[in-house]
Structure formats: structure tokens, C-alpha cells
Amino acid sequence: MGPGRPGAKRLSGTDQERAMSIQAIADKIKAKVESAGFDRSIKFDTGGDGVIVIDGATLSTTDGPADCTIKLSLDDLESLIAGDLNPTMAFMTGKIKVEGDMSVAMSLSQLL
């Protein structure tokens, strides 16, 4: 048998980069989330690239339930966080899909 645990999943370079990217985005917005006074929960779901769940002042990259789920690509999430993607236009053009309580999605401006 080769090195490593049998059945252990190895991440390819691309998977590792993606995992770091979702964590890097989470790290970038963590301070804003902790100080925003946000009292609801929202999940950014980038499919196979991972999730960011904001629940009040806590932030996690572990999947869980949320009042509102925003589905988008990792690239679009990065652009949204950077302020380069207008959330309203992204929603209208289908780059962002919202499930759950739309009013929570509308309150994102206090987080980003």
C-alpha cells in the first residue's frame, strides 16, 4: 500500500485552490460580519466550491441552514464582495439566485 490513509480523499491542486479561495473570502468579510449587527442568517452557496454561512455575527464555511440562500459562482462571489458586481443587476441577469427570505438578501448591504 502507498502512503496515506486508505480511502482518504486527496485534493487536487485545483480543489485546494478553491478551498482556499472560499476561506480567503470568508476571512476577508469576517471583521465586517462581526461588527455589522446583522441578526439573520444567510448562506452563499457556490456549489462545488463551498459555502459561507453567516449567522448573526458568526461566519462559517460549514454548510448549514439559513434564512436565505444565495447561489452564485465563486468568481461572482469574489466580485460581489469586492464591490465589482451590482447585486441587483446580478440577480436580474441570473448570475445570482435567491432562495428563502428575500428581505434577508436585501439587507446584505449592511454586511458588504
# chains A, B, ... in the order shown; residues from 1 in each chain; ligands from 1
$ residues_around --residues "Thr69 (chain A)" --least-positions-apart "2" --cutoff "8 Å" --atoms "only C-alpha atoms" --output "PyMOL selection string"
chain A and resi 42-45+66-67+71+98-100
$ write_last_selection --atoms "N, CA, C and O atoms" --output "mmCIF file, in the first residue's frame"
data_model
loop_
_atom_site.group_PDB
_atom_site.id
_atom_site.type_symbol
_atom_site.label_atom_id
_atom_site.label_comp_id
_atom_site.auth_asym_id
_atom_site.auth_seq_id
_atom_site.Cartn_x
_atom_site.Cartn_y
_atom_site.Cartn_z
ATOM 1 N N ILE A 42 -27.665 33.933 6.523
ATOM 2 C CA ILE A 42 -27.606 33.903 5.062
ATOM 3 C C ILE A 42 -26.482 32.963 4.634
ATOM 4 O O ILE A 42 -25.459 32.873 5.306
ATOM 5 N N LYS A 43 -26.723 32.251 3.561
ATOM 6 C CA LYS A 43 -25.717 31.328 3.045
ATOM 7 C C LYS A 43 -25.387 31.707 1.614
ATOM 8 O O LYS A 43 -26.266 31.916 0.791
ATOM 9 N N PHE A 44 -24.082 31.814 1.347
ATOM 10 C CA PHE A 44 -23.586 31.961 -0.018
ATOM 11 C C PHE A 44 -23.183 30.566 -0.467
ATOM 12 O O PHE A 44 -22.272 29.977 0.113
ATOM 13 N N ASP A 45 -23.866 30.035 -1.455
ATOM 14 C CA ASP A 45 -23.611 28.673 -1.944
ATOM 15 C C ASP A 45 -22.984 28.758 -3.325
ATOM 16 O O ASP A 45 -23.622 29.174 -4.286
ATOM 17 N N ALA A 66 -30.119 28.278 6.694
ATOM 18 C CA ALA A 66 -30.075 29.738 6.739
ATOM 19 C C ALA A 66 -31.435 30.292 6.343
ATOM 20 O O ALA A 66 -32.215 29.618 5.667
ATOM 21 N N ASP A 67 -31.716 31.523 6.762
ATOM 22 C CA ASP A 67 -32.965 32.188 6.394
ATOM 23 C C ASP A 67 -33.047 32.408 4.886
ATOM 24 O O ASP A 67 -34.117 32.414 4.301
ATOM 25 N N LYS A 71 -27.257 31.598 -4.310
ATOM 26 C CA LYS A 71 -26.452 30.693 -5.130
ATOM 27 C C LYS A 71 -25.782 31.496 -6.229
ATOM 28 O O LYS A 71 -26.452 32.245 -6.954
ATOM 29 N N VAL A 98 -31.701 33.510 -5.568
ATOM 30 C CA VAL A 98 -32.019 33.670 -4.155
ATOM 31 C C VAL A 98 -33.136 32.703 -3.781
ATOM 32 O O VAL A 98 -34.155 32.637 -4.460
ATOM 33 N N GLU A 99 -32.895 31.950 -2.695
ATOM 34 C CA GLU A 99 -33.914 31.053 -2.158
ATOM 35 C C GLU A 99 -34.176 31.450 -0.717
ATOM 36 O O GLU A 99 -33.253 31.774 0.020
ATOM 37 N N GLY A 100 -35.438 31.423 -0.319
ATOM 38 C CA GLY A 100 -35.771 31.764 1.066
ATOM 39 C C GLY A 100 -36.228 33.204 1.173
ATOM 40 O O GLY A 100 -36.808 33.773 0.249
#
$ residues_around --residues "Ser73 (chain A)" --least-positions-apart "6" --cutoff "12 Å" --atoms "only C-alpha atoms" --output "PDB file with C-alpha atoms, in the first residue's frame"
ATOM      1  CA  ARG A  18     -10.865  26.545  -4.468  1.00  0.00           C
ATOM      2  CA  SER A  21     -10.486  30.776  -2.104  1.00  0.00           C
ATOM      3  CA  ILE A  22     -13.747  30.262  -0.191  1.00  0.00           C
ATOM      4  CA  PHE A  44     -23.586  31.961  -0.018  1.00  0.00           C
ATOM      5  CA  ASP A  45     -23.611  28.673  -1.944  1.00  0.00           C
ATOM      6  CA  THR A  46     -21.010  28.388  -4.693  1.00  0.00           C
ATOM      7  CA  GLY A  47     -21.814  24.754  -5.447  1.00  0.00           C
ATOM      8  CA  GLY A  48     -18.712  22.567  -5.547  1.00  0.00           C
ATOM      9  CA  ASP A  49     -16.506  25.486  -4.478  1.00  0.00           C
ATOM     10  CA  GLY A  50     -18.064  25.601  -0.998  1.00  0.00           C
ATOM     11  CA  VAL A  51     -20.327  27.724   1.162  1.00  0.00           C
ATOM     12  CA  SER A  79     -16.754  40.230  -7.411  1.00  0.00           C
ATOM     13  CA  LEU A  80     -19.749  40.856  -5.129  1.00  0.00           C
ATOM     14  CA  ALA A  90     -26.587  40.120 -10.970  1.00  0.00           C
ATOM     15  CA  GLY A  94     -29.436  35.293 -13.410  1.00  0.00           C
ATOM     16  CA  LYS A  95     -25.881  35.363 -12.027  1.00  0.00           C
ATOM     17  CA  ILE A  96     -27.366  35.199  -8.520  1.00  0.00           C
ATOM     18  CA  LYS A  97     -30.277  33.013  -7.479  1.00  0.00           C
TER      19      LYS A  97
END
$ closest_residue --among "A:Ile54, A:Met92, A:Val104, A:Leu85" --to "Cys68 (chain A)" --atoms "only C-alpha atoms"
A:Val104
$ closest_residue --among "A:Ser41, A:Thr61, A:Gln110, A:Ser103" --to "Ile25 (chain A)" --atoms "only C-alpha atoms"
A:Thr61
$ closest_residue --among "A:Phe38, A:Phe91, A:Ser107, A:Gln23" --to "Ile52 (chain A)" --atoms "only C-alpha atoms"
A:Gln23
$ select_by_dssp --residues "chain A" --states "strand (DSSP E or B)" --output "PDB file with N, CA, C and O atoms, in the first residue's frame"
ATOM      1  N   SER A  41     -29.706  34.985   9.208  1.00  0.00           N
ATOM      2  CA  SER A  41     -28.703  34.068   8.667  1.00  0.00           C
ATOM      3  C   SER A  41     -28.820  34.017   7.148  1.00  0.00           C
ATOM      4  O   SER A  41     -29.914  34.084   6.592  1.00  0.00           O
ATOM      5  N   ILE A  42     -27.665  33.933   6.523  1.00  0.00           N
ATOM      6  CA  ILE A  42     -27.606  33.903   5.062  1.00  0.00           C
ATOM      7  C   ILE A  42     -26.482  32.963   4.634  1.00  0.00           C
ATOM      8  O   ILE A  42     -25.459  32.873   5.306  1.00  0.00           O
ATOM      9  N   LYS A  43     -26.723  32.251   3.561  1.00  0.00           N
ATOM     10  CA  LYS A  43     -25.717  31.328   3.045  1.00  0.00           C
ATOM     11  C   LYS A  43     -25.387  31.707   1.614  1.00  0.00           C
ATOM     12  O   LYS A  43     -26.266  31.916   0.791  1.00  0.00           O
ATOM     13  N   PHE A  44     -24.082  31.814   1.347  1.00  0.00           N
ATOM     14  CA  PHE A  44     -23.586  31.961  -0.018  1.00  0.00           C
ATOM     15  C   PHE A  44     -23.183  30.566  -0.467  1.00  0.00           C
ATOM     16  O   PHE A  44     -22.272  29.977   0.113  1.00  0.00           O
ATOM     17  N   ASP A  45     -23.866  30.035  -1.455  1.00  0.00           N
ATOM     18  CA  ASP A  45     -23.611  28.673  -1.944  1.00  0.00           C
ATOM     19  C   ASP A  45     -22.984  28.758  -3.325  1.00  0.00           C
ATOM     20  O   ASP A  45     -23.622  29.174  -4.286  1.00  0.00           O
ATOM     21  N   VAL A  51     -19.311  26.805   0.651  1.00  0.00           N
ATOM     22  CA  VAL A  51     -20.327  27.724   1.162  1.00  0.00           C
ATOM     23  C   VAL A  51     -19.716  28.643   2.213  1.00  0.00           C
ATOM     24  O   VAL A  51     -18.708  28.319   2.831  1.00  0.00           O
ATOM     25  N   ILE A  52     -20.358  29.774   2.385  1.00  0.00           N
ATOM     26  CA  ILE A  52     -20.100  30.658   3.517  1.00  0.00           C
ATOM     27  C   ILE A  52     -21.452  30.885   4.163  1.00  0.00           C
ATOM     28  O   ILE A  52     -22.401  31.323   3.508  1.00  0.00           O
ATOM     29  N   VAL A  53     -21.556  30.558   5.446  1.00  0.00           N
ATOM     30  CA  VAL A  53     -22.790  30.759   6.191  1.00  0.00           C
ATOM     31  C   VAL A  53     -22.545  31.847   7.223  1.00  0.00           C
ATOM     32  O   VAL A  53     -21.637  31.741   8.044  1.00  0.00           O
ATOM     33  N   ILE A  54     -23.365  32.886   7.143  1.00  0.00           N
ATOM     34  CA  ILE A  54     -23.312  33.977   8.110  1.00  0.00           C
ATOM     35  C   ILE A  54     -24.565  33.856   8.966  1.00  0.00           C
ATOM     36  O   ILE A  54     -25.679  33.859   8.452  1.00  0.00           O
ATOM     37  N   ASP A  55     -24.370  33.718  10.269  1.00  0.00           N
ATOM     38  CA  ASP A  55     -25.484  33.603  11.208  1.00  0.00           C
ATOM     39  C   ASP A  55     -25.262  34.642  12.294  1.00  0.00           C
ATOM     40  O   ASP A  55     -24.469  34.436  13.211  1.00  0.00           O
ATOM     41  N   THR A  58     -21.605  35.461  13.489  1.00  0.00           N
ATOM     42  CA  THR A  58     -20.682  34.348  13.265  1.00  0.00           C
ATOM     43  C   THR A  58     -20.629  33.992  11.791  1.00  0.00           C
ATOM     44  O   THR A  58     -21.602  34.158  11.066  1.00  0.00           O
ATOM     45  N   LEU A  59     -19.490  33.501  11.376  1.00  0.00           N
ATOM     46  CA  LEU A  59     -19.264  33.142   9.984  1.00  0.00           C
ATOM     47  C   LEU A  59     -18.614  31.768   9.939  1.00  0.00           C
ATOM     48  O   LEU A  59     -17.749  31.464  10.741  1.00  0.00           O
ATOM     49  N   SER A  60     -19.077  30.923   9.000  1.00  0.00           N
ATOM     50  CA  SER A  60     -18.554  29.563   8.895  1.00  0.00           C
ATOM     51  C   SER A  60     -18.485  29.149   7.433  1.00  0.00           C
ATOM     52  O   SER A  60     -19.236  29.648   6.597  1.00  0.00           O
ATOM     53  N   CYS A  68     -31.892  32.611   4.277  1.00  0.00           N
ATOM     54  CA  CYS A  68     -31.822  32.915   2.847  1.00  0.00           C
ATOM     55  C   CYS A  68     -30.558  32.292   2.271  1.00  0.00           C
ATOM     56  O   CYS A  68     -29.503  32.331   2.899  1.00  0.00           O
ATOM     57  N   THR A  69     -30.680  31.694   1.093  1.00  0.00           N
ATOM     58  CA  THR A  69     -29.518  31.131   0.397  1.00  0.00           C
ATOM     59  C   THR A  69     -29.332  31.868  -0.914  1.00  0.00           C
ATOM     60  O   THR A  69     -30.276  32.037  -1.683  1.00  0.00           O
ATOM     61  N   ILE A  70     -28.109  32.312  -1.144  1.00  0.00           N
ATOM     62  CA  ILE A  70     -27.761  32.974  -2.391  1.00  0.00           C
ATOM     63  C   ILE A  70     -26.820  32.045  -3.135  1.00  0.00           C
ATOM     64  O   ILE A  70     -25.740  31.724  -2.645  1.00  0.00           O
ATOM     65  N   LYS A  71     -27.257  31.598  -4.310  1.00  0.00           N
ATOM     66  CA  LYS A  71     -26.452  30.693  -5.130  1.00  0.00           C
ATOM     67  C   LYS A  71     -25.782  31.496  -6.229  1.00  0.00           C
ATOM     68  O   LYS A  71     -26.452  32.245  -6.954  1.00  0.00           O
ATOM     69  N   LYS A  97     -28.950  33.569  -7.725  1.00  0.00           N
ATOM     70  CA  LYS A  97     -30.277  33.013  -7.479  1.00  0.00           C
ATOM     71  C   LYS A  97     -30.520  33.064  -5.973  1.00  0.00           C
ATOM     72  O   LYS A  97     -29.630  32.726  -5.186  1.00  0.00           O
ATOM     73  N   VAL A  98     -31.701  33.510  -5.568  1.00  0.00           N
ATOM     74  CA  VAL A  98     -32.019  33.670  -4.155  1.00  0.00           C
ATOM     75  C   VAL A  98     -33.136  32.703  -3.781  1.00  0.00           C
ATOM     76  O   VAL A  98     -34.155  32.637  -4.460  1.00  0.00           O
ATOM     77  N   GLU A  99     -32.895  31.950  -2.695  1.00  0.00           N
ATOM     78  CA  GLU A  99     -33.914  31.053  -2.158  1.00  0.00           C
ATOM     79  C   GLU A  99     -34.176  31.450  -0.717  1.00  0.00           C
ATOM     80  O   GLU A  99     -33.253  31.774   0.020  1.00  0.00           O
ATOM     81  N   GLY A 100     -35.438  31.423  -0.319  1.00  0.00           N
ATOM     82  CA  GLY A 100     -35.771  31.764   1.066  1.00  0.00           C
ATOM     83  C   GLY A 100     -36.228  33.204   1.173  1.00  0.00           C
ATOM     84  O   GLY A 100     -36.808  33.773   0.249  1.00  0.00           O
TER      85      GLY A 100
END
$ select_by_dssp --residues "chain A" --states "alpha helix (DSSP H)" --output "VMD selection string"
chain A and resid 13 to 35 74 to 82 87 to 92 102 to 106
$ atom_distance --atom1 "CA of Asp39 (chain A)" --atom2 "CA of Asp75 (chain A)"
26.5 Å
$ atom_distance --atom1 "CA of Ala36 (chain A)" --atom2 "CA of Ala24 (chain A)"
19.2 Å
